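This report refers to the structure that appears directly beneath it.
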Amino acid sequence: MGVTTMNKTAFKKKFLDLLTEKFAISVEDASLFEIYTTLGTLIRSSYAKDWRHTWSNYDHEQQKQVYYFSIEFLPGRMMKSNLLNMGWLDTVQAALADLGIQLDDVVAQEPDMALGNGGLGRLASCFMDSIASEGLPGNGNGIRYKYGLFKQKFIDGYQVELPNEWLARGNLWEVRRESKSVDVYFNGYVRLNKLDDGTIVPVHEDPTIVRAVPYDTGMVGFRNGTVNTLRLWDAEIPLSEESLYRSIEQRRAIQDLTSVLYPDDSNEEGRRLRLMQEYFFVSAGVQSILRHFKTKQQKMQNLDEFVAIHINDTHPAMCVAEFMRLLLDEEKMSWERAWNLTVKVMSYTNHTIMSEALEKWSVEMLQSMQPRIYQIIEEIDRRFVEEMTGVVDWELIQRTRIISDGLVHMAHLAIIGSHSTNGVAKLHSDLLKTVVLHDFYRLYPDRFNNKTNGIAERRWLQLANPSLSTVLDKTIGQTWRYEANDLHLLMNYSEDKAVHKQLQQAKQANKERLAAFILQETGVRINEHAIFDVQIKRLHAYKRQLLNLLHILTLYFEIKEEGFTDIQPRVFIFGAKAAPSYHYAKSIIKVINEVGKMIQEDPEVSDKLSIVFLEDYSVSLAEVIIPAADVSEQISLASKEASGTSNMKLMLNGAITIATLDGANIEIRDAVGDENIVIFGLTESQVYDYYEQANYHAYSYYEALPKLKRVVDSFVDGTIANIYQEGKEIFDSLLTYNDEFFVLRDYEAYVNAQKEIEKAYQNQERWLKMSLINVANAGRFSADYTVMKYAEDIWQIEAKPKSRKAKDEKYVPYTL
Ligand SMILES: *Cc1c(COP(=O)(O)O)cnc(C)c1O
């Protein structure tokens with residue numbers, strides 16, 4: 001491992017040599033992409049040795065490893081994060097500057113690796129960063145989608161989806177590992193062969209075989225020499241079967257398997273292909289884990305001492321059955337022994353209580369696509385029912401069994417087949433126990449636990465917000481860069497005017513950076529001294545972007561019709577993709593865009609209000625928006641947002657949260673105290689009361705509140721141009737269909753909460769103190785702590801002392 005430091009001169013020489021070697025070009029003539037490629041190659045080759053060592057050390061030291069299975073990963077760009085974690089960032093930045101190159105222009109050449117929809121995939125990637133940074137033996141397992149999530153454009157205010165060709169210019173970070181390929185079987189049928197000794201051997205006849213080829217990407221830990229692996233699988237035609245797949249259609253069917261990520265994290269679509277994807281990466285991943293284990297000369301029955309498999313949401317739930325299949329059919333283990341191991345190895349995270357997102361597959365589809373897996377699931381189900389009969393009542397068994405009403409319930413499979421089920425925030429985990437999974441909690445109380453989500457604070461603060469990072473370094477030293485809880489040292493300066501001033505200047509610099517970005521992207525010039533009010537997340541009715549819009553329209557009418565003049569100017573910033581099939585969400589986008597246009601074209605309001613809806617929300621966009629935010633909108637209907645993580649990112653960057661008591665908002669309030677967050681709206685128990693009593697009448701709020709009526713009417717009375725259909729649809733959702741997410745119910749409380757925000761902002765002394773307290777208390781949401789809890793409580797893995805989290809500011813583990 002590196003002992004000599006990485007110095008600027010050595011780097012420059014090496015960089016220029018490699019540029020010549022690769023492109024036969026001088027730095028003056030090189031394109032930014034050539035520079036990007038050269039720098040990326042240098043980075044990768046410099047961590048390659050540690051990558052190899054990390055892997056072989058885990059084996060050599062007989063360390064137990066976790067494999068984190070997730071159908072989505074959303075890493076964003078890798079270059080700067082790798083530079084930071086290698087300890088190279090400042091040196092490389094300075095060296096390139098000497099050569100007349102801005103590092104930020106170079107890193108912008110990298111397309112976002114956008115293999116996820118939103119929170120679920122981003123969490124998986126934050127965890128990858130933190131697992132490596134804690135020196136924990138852990139790897140990711142997923143799918144290498146050829147087109148990431150769609151690219152979003154607005155045309156006439158409507159969302160249009162275009163393919164995201166993120167691989168068009170290659171991918172610097174991945175390594176194709178042909179030799180680690182495995183075959184995955186689909187379709188066909190199972191014949192049970194009886195051997196002479198009476199044993200029964202299942203044979204999968206007439207299968208369609210797909211070759212799974214892994215592409216590995218190094219996950220570089222923060223200054224600790226650990227480089228873990230994110231393994232993403234691609235589908236190819238098996239070499240030996242080439243001749244069998246002659247037709248274009250057959251070839252295309254295999255390519256299609258890993259072509260797109262289903263652009264929705266809460267509704268299922270493209271169902272058959274999606275199910276194929278799920279089995280594909282599950283089978284490939286589990287097979288490769290077992291194949292690797294068998295090289296270790298360990299007994300199969302001790303496998304749980306070496307392997308933990310994590311099921312991130314229900315999509316990889318077939319891990320349970322695939323693991324059983326391999327132990328039974330390939331390893332000839334008894335059912336009891338195999339089941340015992342499976343439950344010990346598997347663990348599951350539930351990410352949502354929205355019932356439409358709890359996956360169910362039809363028996364027919366699963367049985368025809370995976371005849372052997374289906375048999376195994378049937379047998380798990382049969383034994384489950386047998387075991388519970390007489391122990392608990394019959395109705396409970398019917399509600400919790402895996403197969404019922406012609407459907408296979410994937411969450412049930414995941415819970416029954418694993419030793420741990422966790423929710424992702426305190427409230428969410430409580431709701432799992434008391435409501436959503438209450439039946440399972442009665443059966444397996446010890447399996448349920450909470451692990452509140454976290455974020456990779458290195459990316460969301462050190463990388464995204466250098467202005468704030470510099471203020472922190474100067475005020476509290478650098479240890480917060482290693483130990484997120486040291487941000488708490490900032491509390492010593494909560495009344496310090498000079499520190500307040502610096503925080504204010506950092507925020508202003510970030511607002512100017514965002515304003516310049518917005519000007520360049522949209523041509524719109526925004527007021528850099530307005531309140532920057534930010535809501536960035538998937539577009540979904542439960543997240544209530546509509547409530548935000550109702551407030552904006554309220555301000556609009558106050559200016560236009562009530563003569564309000566002393567409104568604090570605000571810029572409302574949105575970023576959100578809607579699932580292509582989610583009609584209602586797309587209508588909301590259209591209406592927000594039209595209201596934005598109406599405001600912009602009206603000089604009477606345009607200097608006080610503006611709406612900026614940025615296209616194609618992504619990790620890289622979030623990195624520009626979040627540091628500039630004054631206000632963080634976390635306004636989902638209480639009980640619906642499992643945790644949320646943009647709430648944590650925004651808090652860490654000093655935004656003040658306006659929030660319902662939902663998901664991790666509650667834990668943010670506990671961290672900062674009531675005076676430093678603005679809470680409003682129904683609580684989760686009030687929401688459940690409404691459900692129980694069925695006594696919510698949206699219309700009564702519309703009738704009783706003239707301001708609300710004015711706003712809701714504007715969707716259908718011609719006030720807003722070009723929204724004839726969409727406006728009516730929203731109007732009807734609120735009044736005809738009784739407002740499923742209690743938007744009208746929470747309206748008044750929300751508008752009042754926004755007044756409180758405005759008042760607080762107008763008292764900058766108070767505001768800056770609030771902001772400081774938010775930054776100071778955000779350390780607890782570092783994913784470093786979250787993954788350590790998973791490691792201790794669920795996975796039972798640990799870091800070897802020398803790969804533990806770095807603490808030494810001088811230590812640069814990677815040399816050239
Ligand atoms: C953090 C993040 C999310 C999750 O946002 P929530 O507000 O928690 O839903 C989604 N997309 C991207 C790109 C993110 O960085």
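Every chain in the structure tokens takes a letter, A first, then B, and so on in the order presented; its residues are numbered from 1, and the ligands are numbered from 1 following the presented order.
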Ligand 1 neighbours within 7 Å using only C-alpha atoms and all ligand atoms, as a VMD selection string:
chain A and resid 117 to 119 122 536 to 538 617 to 619 622 643 to 647
(Q) Report as a ChimeraX atom specification all protein, DNA and RNA residues lying within 7 Å of Phe280 of chain A, evaluated on only C-alpha atoms, omitting residues in the same chain fewer than 4 positions from it. (A) /A:184,276,284
Prev. selection, all heavy atoms, output as a compact mmCIF listing (two decimals), in the first residue's frame:
# COMPACT_ATOMS: atom_id res chain seq x y z
N VAL A 184 -27.86 -18.86 -17.01
CA VAL A 184 -29.13 -18.74 -16.29
C VAL A 184 -30.22 -19.38 -17.15
O VAL A 184 -30.30 -19.10 -18.35
CB VAL A 184 -29.45 -17.26 -16.00
CG1 VAL A 184 -30.80 -17.14 -15.28
CG2 VAL A 184 -28.35 -16.63 -15.16
N MET A 276 -38.27 -11.57 -15.53
CA MET A 276 -37.07 -12.21 -16.07
C MET A 276 -35.81 -11.52 -15.55
O MET A 276 -34.84 -12.17 -15.18
CB MET A 276 -37.07 -12.15 -17.60
CG MET A 276 -38.01 -13.14 -18.25
SD MET A 276 -37.86 -13.11 -20.05
CE MET A 276 -36.36 -14.05 -20.31
N ALA A 284 -27.69 -15.27 -11.40
CA ALA A 284 -26.29 -15.04 -11.73
C ALA A 284 -25.49 -14.73 -10.46
O ALA A 284 -24.41 -15.28 -10.23
CB ALA A 284 -26.17 -13.91 -12.74
Return as CSV the residues of segment 350-380 of chain A lying at most 9 Å from segment 431-447 of chain A, together with the closest atom-to-atom pair for each and the distance in Å to one decimal, counting only C-alpha atoms, with rows in chain order and ascending residue number.
residue,atom,partner,partner_atom,distance
A:Asn350,CA,A:Leu432,CA,8.6
A:Ile353,CA,A:Val436,CA,6.5
A:Ser355,CA,A:Val436,CA,8.6
Show me, as number ranges by chain, the residues that have an atom within 12 Å of Val743 of chain A when counting only C-alpha atoms, minus same-chain residues fewer than 4 positions from it.
A: 541-551, 635-638, 660, 681-682, 687, 696-699, 701-702, 708, 712, 730-731, 733-735, 738-739, 747-751
Write the residues you've just listed into a file as a compact mmCIF listing (two decimals), in the first residue's frame, and include N, CA and C atoms for each of them.
# COMPACT_ATOMS: atom_id res chain seq x y z
N ALA A 541 -48.03 11.23 -6.40
CA ALA A 541 -49.12 11.92 -5.71
C ALA A 541 -48.87 11.98 -4.20
N TYR A 542 -48.31 10.89 -3.62
CA TYR A 542 -48.14 10.91 -2.17
C TYR A 542 -47.08 11.90 -1.70
N LYS A 543 -46.14 12.25 -2.59
CA LYS A 543 -45.11 13.23 -2.22
C LYS A 543 -45.64 14.67 -2.26
N ARG A 544 -46.78 14.83 -2.90
CA ARG A 544 -47.57 16.05 -2.86
C ARG A 544 -46.87 17.30 -3.42
N GLN A 545 -46.24 17.14 -4.59
CA GLN A 545 -45.79 18.34 -5.30
C GLN A 545 -46.98 19.28 -5.52
N LEU A 546 -48.18 18.71 -5.59
CA LEU A 546 -49.38 19.52 -5.79
C LEU A 546 -49.62 20.49 -4.64
N LEU A 547 -49.33 20.07 -3.43
CA LEU A 547 -49.50 20.95 -2.27
C LEU A 547 -48.57 22.16 -2.40
N ASN A 548 -47.35 21.89 -2.82
CA ASN A 548 -46.38 22.97 -3.08
C ASN A 548 -46.96 23.94 -4.12
N LEU A 549 -47.53 23.40 -5.17
CA LEU A 549 -48.10 24.24 -6.23
C LEU A 549 -49.27 25.08 -5.69
N LEU A 550 -50.10 24.49 -4.83
CA LEU A 550 -51.21 25.25 -4.26
C LEU A 550 -50.68 26.46 -3.48
N HIS A 551 -49.58 26.28 -2.79
CA HIS A 551 -49.00 27.41 -2.06
C HIS A 551 -48.48 28.47 -3.03
N ILE A 635 -42.93 17.16 2.18
CA ILE A 635 -44.33 17.40 2.51
C ILE A 635 -45.24 16.24 2.14
N SER A 636 -44.68 15.04 2.09
CA SER A 636 -45.49 13.84 1.81
C SER A 636 -46.58 13.68 2.87
N LEU A 637 -47.63 12.98 2.48
CA LEU A 637 -48.67 12.69 3.46
C LEU A 637 -48.09 11.77 4.54
N ALA A 638 -48.27 12.16 5.80
CA ALA A 638 -47.69 11.39 6.91
C ALA A 638 -48.06 9.91 6.77
N THR A 660 -43.87 17.43 6.99
CA THR A 660 -44.84 16.66 7.76
C THR A 660 -44.08 15.69 8.65
N GLY A 681 -49.19 19.87 9.53
CA GLY A 681 -50.04 18.86 8.89
C GLY A 681 -50.44 17.68 9.74
N LEU A 682 -51.22 16.82 9.11
CA LEU A 682 -51.72 15.62 9.77
C LEU A 682 -50.59 14.75 10.26
N VAL A 687 -54.07 10.37 10.10
CA VAL A 687 -54.36 9.81 8.77
C VAL A 687 -55.07 8.47 8.93
N TYR A 696 -63.36 11.60 5.84
CA TYR A 696 -62.71 12.77 5.23
C TYR A 696 -63.58 13.31 4.09
N HIS A 697 -63.83 14.59 4.12
CA HIS A 697 -64.60 15.21 3.04
C HIS A 697 -63.81 16.38 2.49
N ALA A 698 -63.10 16.13 1.41
CA ALA A 698 -62.24 17.16 0.84
C ALA A 698 -63.05 18.41 0.51
N TYR A 699 -64.28 18.20 0.04
CA TYR A 699 -65.10 19.32 -0.41
C TYR A 699 -65.30 20.37 0.69
N TYR A 701 -63.31 21.46 2.88
CA TYR A 701 -62.19 22.40 2.99
C TYR A 701 -62.22 23.40 1.83
N TYR A 702 -62.56 22.90 0.69
CA TYR A 702 -62.68 23.73 -0.51
C TYR A 702 -63.74 24.81 -0.26
N LEU A 708 -58.29 28.87 -0.71
CA LEU A 708 -58.11 27.53 -1.28
C LEU A 708 -59.03 27.36 -2.48
N VAL A 712 -57.94 26.31 -6.24
CA VAL A 712 -58.39 25.06 -6.86
C VAL A 712 -59.22 25.37 -8.11
N ILE A 730 -56.82 17.24 -12.27
CA ILE A 730 -56.38 17.53 -10.90
C ILE A 730 -57.56 18.00 -10.05
N PHE A 731 -58.37 18.86 -10.64
CA PHE A 731 -59.57 19.34 -9.95
C PHE A 731 -60.44 18.14 -9.51
N SER A 733 -59.50 15.01 -9.15
CA SER A 733 -58.84 14.15 -8.15
C SER A 733 -59.08 14.72 -6.75
N LEU A 734 -59.13 16.04 -6.65
CA LEU A 734 -59.29 16.67 -5.34
C LEU A 734 -60.74 16.64 -4.86
N LEU A 735 -61.68 16.91 -5.77
CA LEU A 735 -63.06 17.08 -5.32
C LEU A 735 -63.95 15.89 -5.67
N ASN A 738 -62.28 12.82 -3.96
CA ASN A 738 -62.05 13.03 -2.53
C ASN A 738 -60.58 12.98 -2.09
N ASP A 739 -59.65 13.42 -2.97
CA ASP A 739 -58.33 13.83 -2.51
C ASP A 739 -57.60 12.76 -1.69
N TYR A 747 -53.73 21.88 3.50
CA TYR A 747 -53.42 23.16 2.83
C TYR A 747 -53.21 24.32 3.79
N GLU A 748 -54.17 24.54 4.67
CA GLU A 748 -54.11 25.72 5.52
C GLU A 748 -52.88 25.68 6.44
N ALA A 749 -52.65 24.50 7.01
CA ALA A 749 -51.48 24.35 7.89
C ALA A 749 -50.19 24.59 7.12
N TYR A 750 -50.19 24.16 5.88
CA TYR A 750 -48.99 24.32 5.06
C TYR A 750 -48.74 25.80 4.73
N VAL A 751 -49.79 26.50 4.36
CA VAL A 751 -49.63 27.92 4.04
C VAL A 751 -49.15 28.69 5.27
When you look at Phe557 of chain A with a cut-off of 12 Å (counting only C-alpha atoms), what residues show up, excluding the ones that are within fewer than 2 positions of it in the same chain? I need them as a PDB file with N, CA, C and O atoms, in the first residue's frame.
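Ended up saving to selection-v9.pdb:
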ATOM      1  N   LEU A 550     -50.095  24.489  -4.834  1.00  0.00           N
ATOM      2  CA  LEU A 550     -51.210  25.253  -4.263  1.00  0.00           C
ATOM      3  C   LEU A 550     -50.678  26.463  -3.483  1.00  0.00           C
ATOM      4  O   LEU A 550     -51.249  27.548  -3.539  1.00  0.00           O
ATOM      5  N   HIS A 551     -49.583  26.276  -2.792  1.00  0.00           N
ATOM      6  CA  HIS A 551     -48.996  27.407  -2.065  1.00  0.00           C
ATOM      7  C   HIS A 551     -48.479  28.471  -3.027  1.00  0.00           C
ATOM      8  O   HIS A 551     -48.681  29.672  -2.812  1.00  0.00           O
ATOM      9  N   ILE A 552     -47.827  28.037  -4.091  1.00  0.00           N
ATOM     10  CA  ILE A 552     -47.305  29.013  -5.064  1.00  0.00           C
ATOM     11  C   ILE A 552     -48.468  29.828  -5.645  1.00  0.00           C
ATOM     12  O   ILE A 552     -48.406  31.062  -5.746  1.00  0.00           O
ATOM     13  N   LEU A 553     -49.540  29.136  -5.978  1.00  0.00           N
ATOM     14  CA  LEU A 553     -50.700  29.840  -6.547  1.00  0.00           C
ATOM     15  C   LEU A 553     -51.335  30.770  -5.508  1.00  0.00           C
ATOM     16  O   LEU A 553     -51.844  31.839  -5.852  1.00  0.00           O
ATOM     17  N   THR A 554     -51.289  30.365  -4.252  1.00  0.00           N
ATOM     18  CA  THR A 554     -51.806  31.244  -3.198  1.00  0.00           C
ATOM     19  C   THR A 554     -51.026  32.557  -3.175  1.00  0.00           C
ATOM     20  O   THR A 554     -51.611  33.646  -3.135  1.00  0.00           O
ATOM     21  N   LEU A 555     -49.704  32.463  -3.238  1.00  0.00           N
ATOM     22  CA  LEU A 555     -48.883  33.678  -3.275  1.00  0.00           C
ATOM     23  C   LEU A 555     -49.207  34.498  -4.519  1.00  0.00           C
ATOM     24  O   LEU A 555     -49.315  35.731  -4.462  1.00  0.00           O
ATOM     25  N   ILE A 559     -50.671  38.379  -4.559  1.00  0.00           N
ATOM     26  CA  ILE A 559     -50.070  39.527  -5.242  1.00  0.00           C
ATOM     27  C   ILE A 559     -51.044  40.120  -6.261  1.00  0.00           C
ATOM     28  O   ILE A 559     -51.280  41.323  -6.292  1.00  0.00           O
ATOM     29  N   LYS A 560     -51.625  39.242  -7.070  1.00  0.00           N
ATOM     30  CA  LYS A 560     -52.466  39.712  -8.177  1.00  0.00           C
ATOM     31  C   LYS A 560     -53.799  40.307  -7.704  1.00  0.00           C
ATOM     32  O   LYS A 560     -54.278  41.273  -8.262  1.00  0.00           O
ATOM     33  N   GLU A 561     -54.417  39.659  -6.736  1.00  0.00           N
ATOM     34  CA  GLU A 561     -55.808  40.000  -6.439  1.00  0.00           C
ATOM     35  C   GLU A 561     -56.023  40.617  -5.070  1.00  0.00           C
ATOM     36  O   GLU A 561     -57.089  41.135  -4.788  1.00  0.00           O
ATOM     37  N   GLU A 562     -54.999  40.483  -4.207  1.00  0.00           N
ATOM     38  CA  GLU A 562     -55.195  41.047  -2.875  1.00  0.00           C
ATOM     39  C   GLU A 562     -54.213  42.162  -2.576  1.00  0.00           C
ATOM     40  O   GLU A 562     -54.150  42.656  -1.448  1.00  0.00           O
ATOM     41  N   GLY A 563     -53.404  42.480  -3.575  1.00  0.00           N
ATOM     42  CA  GLY A 563     -52.510  43.615  -3.434  1.00  0.00           C
ATOM     43  C   GLY A 563     -51.373  43.431  -2.436  1.00  0.00           C
ATOM     44  O   GLY A 563     -50.818  44.400  -1.933  1.00  0.00           O
ATOM     45  N   PHE A 564     -51.012  42.177  -2.111  1.00  0.00           N
ATOM     46  CA  PHE A 564     -49.863  41.975  -1.214  1.00  0.00           C
ATOM     47  C   PHE A 564     -48.603  42.458  -1.922  1.00  0.00           C
ATOM     48  O   PHE A 564     -48.365  42.116  -3.078  1.00  0.00           O
ATOM     49  N   THR A 565     -47.798  43.251  -1.205  1.00  0.00           N
ATOM     50  CA  THR A 565     -46.575  43.737  -1.850  1.00  0.00           C
ATOM     51  C   THR A 565     -45.309  43.334  -1.112  1.00  0.00           C
ATOM     52  O   THR A 565     -44.230  43.364  -1.672  1.00  0.00           O
ATOM     53  N   ILE A 567     -44.190  40.521  -0.052  1.00  0.00           N
ATOM     54  CA  ILE A 567     -43.811  39.108  -0.082  1.00  0.00           C
ATOM     55  C   ILE A 567     -42.309  38.973  -0.313  1.00  0.00           C
ATOM     56  O   ILE A 567     -41.742  39.645  -1.177  1.00  0.00           O
ATOM     57  N   VAL A 595     -47.951  26.981 -14.926  1.00  0.00           N
ATOM     58  CA  VAL A 595     -48.006  28.034 -13.901  1.00  0.00           C
ATOM     59  C   VAL A 595     -46.685  28.812 -13.913  1.00  0.00           C
ATOM     60  O   VAL A 595     -46.672  30.049 -13.833  1.00  0.00           O
ATOM     61  N   ILE A 599     -46.402  32.854 -14.568  1.00  0.00           N
ATOM     62  CA  ILE A 599     -45.749  33.776 -13.631  1.00  0.00           C
ATOM     63  C   ILE A 599     -44.626  34.533 -14.315  1.00  0.00           C
ATOM     64  O   ILE A 599     -44.483  35.749 -14.174  1.00  0.00           O
ATOM     65  N   GLU A 604     -45.994  41.772 -13.130  1.00  0.00           N
ATOM     66  CA  GLU A 604     -46.513  42.123 -11.816  1.00  0.00           C
ATOM     67  C   GLU A 604     -46.035  41.149 -10.731  1.00  0.00           C
ATOM     68  O   GLU A 604     -45.932  41.499  -9.561  1.00  0.00           O
ATOM     69  N   VAL A 605     -45.758  39.913 -11.111  1.00  0.00           N
ATOM     70  CA  VAL A 605     -45.331  38.919 -10.119  1.00  0.00           C
ATOM     71  C   VAL A 605     -43.925  38.381 -10.361  1.00  0.00           C
ATOM     72  O   VAL A 605     -43.304  37.834  -9.437  1.00  0.00           O
ATOM     73  N   LEU A 609     -41.854  36.078  -7.667  1.00  0.00           N
ATOM     74  CA  LEU A 609     -41.972  34.618  -7.697  1.00  0.00           C
ATOM     75  C   LEU A 609     -41.387  34.097  -8.996  1.00  0.00           C
ATOM     76  O   LEU A 609     -41.506  34.729 -10.036  1.00  0.00           O
ATOM     77  N   PRO A 706     -61.812  30.373   1.395  1.00  0.00           N
ATOM     78  CA  PRO A 706     -61.899  31.118   0.132  1.00  0.00           C
ATOM     79  C   PRO A 706     -60.587  31.116  -0.665  1.00  0.00           C
ATOM     80  O   PRO A 706     -60.602  30.985  -1.886  1.00  0.00           O
ATOM     81  N   LYS A 707     -59.448  31.246   0.042  1.00  0.00           N
ATOM     82  CA  LYS A 707     -58.169  31.250  -0.690  1.00  0.00           C
ATOM     83  C   LYS A 707     -57.934  29.921  -1.392  1.00  0.00           C
ATOM     84  O   LYS A 707     -57.421  29.861  -2.511  1.00  0.00           O
ATOM     85  N   LEU A 708     -58.289  28.867  -0.705  1.00  0.00           N
ATOM     86  CA  LEU A 708     -58.108  27.532  -1.280  1.00  0.00           C
ATOM     87  C   LEU A 708     -59.033  27.364  -2.483  1.00  0.00           C
ATOM     88  O   LEU A 708     -58.645  26.838  -3.520  1.00  0.00           O
ATOM     89  N   LYS A 709     -60.259  27.836  -2.331  1.00  0.00           N
ATOM     90  CA  LYS A 709     -61.222  27.715  -3.420  1.00  0.00           C
ATOM     91  C   LYS A 709     -60.724  28.456  -4.661  1.00  0.00           C
ATOM     92  O   LYS A 709     -60.770  27.942  -5.780  1.00  0.00           O
ATOM     93  N   ARG A 710     -60.192  29.652  -4.441  1.00  0.00           N
ATOM     94  CA  ARG A 710     -59.673  30.449  -5.559  1.00  0.00           C
ATOM     95  C   ARG A 710     -58.583  29.671  -6.309  1.00  0.00           C
ATOM     96  O   ARG A 710     -58.533  29.635  -7.532  1.00  0.00           O
ATOM     97  N   VAL A 711     -57.715  29.043  -5.533  1.00  0.00           N
ATOM     98  CA  VAL A 711     -56.589  28.315  -6.124  1.00  0.00           C
ATOM     99  C   VAL A 711     -57.070  27.063  -6.871  1.00  0.00           C
ATOM    100  O   VAL A 711     -56.666  26.808  -8.011  1.00  0.00           O
ATOM    101  N   VAL A 712     -57.940  26.310  -6.236  1.00  0.00           N
ATOM    102  CA  VAL A 712     -58.395  25.057  -6.859  1.00  0.00           C
ATOM    103  C   VAL A 712     -59.221  25.375  -8.113  1.00  0.00           C
ATOM    104  O   VAL A 712     -59.095  24.712  -9.147  1.00  0.00           O
ATOM    105  N   ASP A 713     -60.030  26.420  -8.030  1.00  0.00           N
ATOM    106  CA  ASP A 713     -60.822  26.814  -9.205  1.00  0.00           C
ATOM    107  C   ASP A 713     -59.934  27.193 -10.389  1.00  0.00           C
ATOM    108  O   ASP A 713     -60.312  26.996 -11.539  1.00  0.00           O
ATOM    109  N   SER A 714     -58.756  27.729 -10.067  1.00  0.00           N
ATOM    110  CA  SER A 714     -57.893  28.189 -11.166  1.00  0.00           C
ATOM    111  C   SER A 714     -57.456  27.035 -12.081  1.00  0.00           C
ATOM    112  O   SER A 714     -57.034  27.261 -13.206  1.00  0.00           O
ATOM    113  N   THR A 719     -57.872  30.533 -15.740  1.00  0.00           N
ATOM    114  CA  THR A 719     -56.801  31.402 -15.232  1.00  0.00           C
ATOM    115  C   THR A 719     -55.438  30.970 -15.787  1.00  0.00           C
ATOM    116  O   THR A 719     -54.613  31.792 -16.175  1.00  0.00           O
ATOM    117  N   ILE A 720     -55.227  29.654 -15.779  1.00  0.00           N
ATOM    118  CA  ILE A 720     -53.943  29.120 -16.246  1.00  0.00           C
ATOM    119  C   ILE A 720     -54.161  28.569 -17.660  1.00  0.00           C
ATOM    120  O   ILE A 720     -55.039  27.728 -17.873  1.00  0.00           O
TER     121      ILE A 720
END
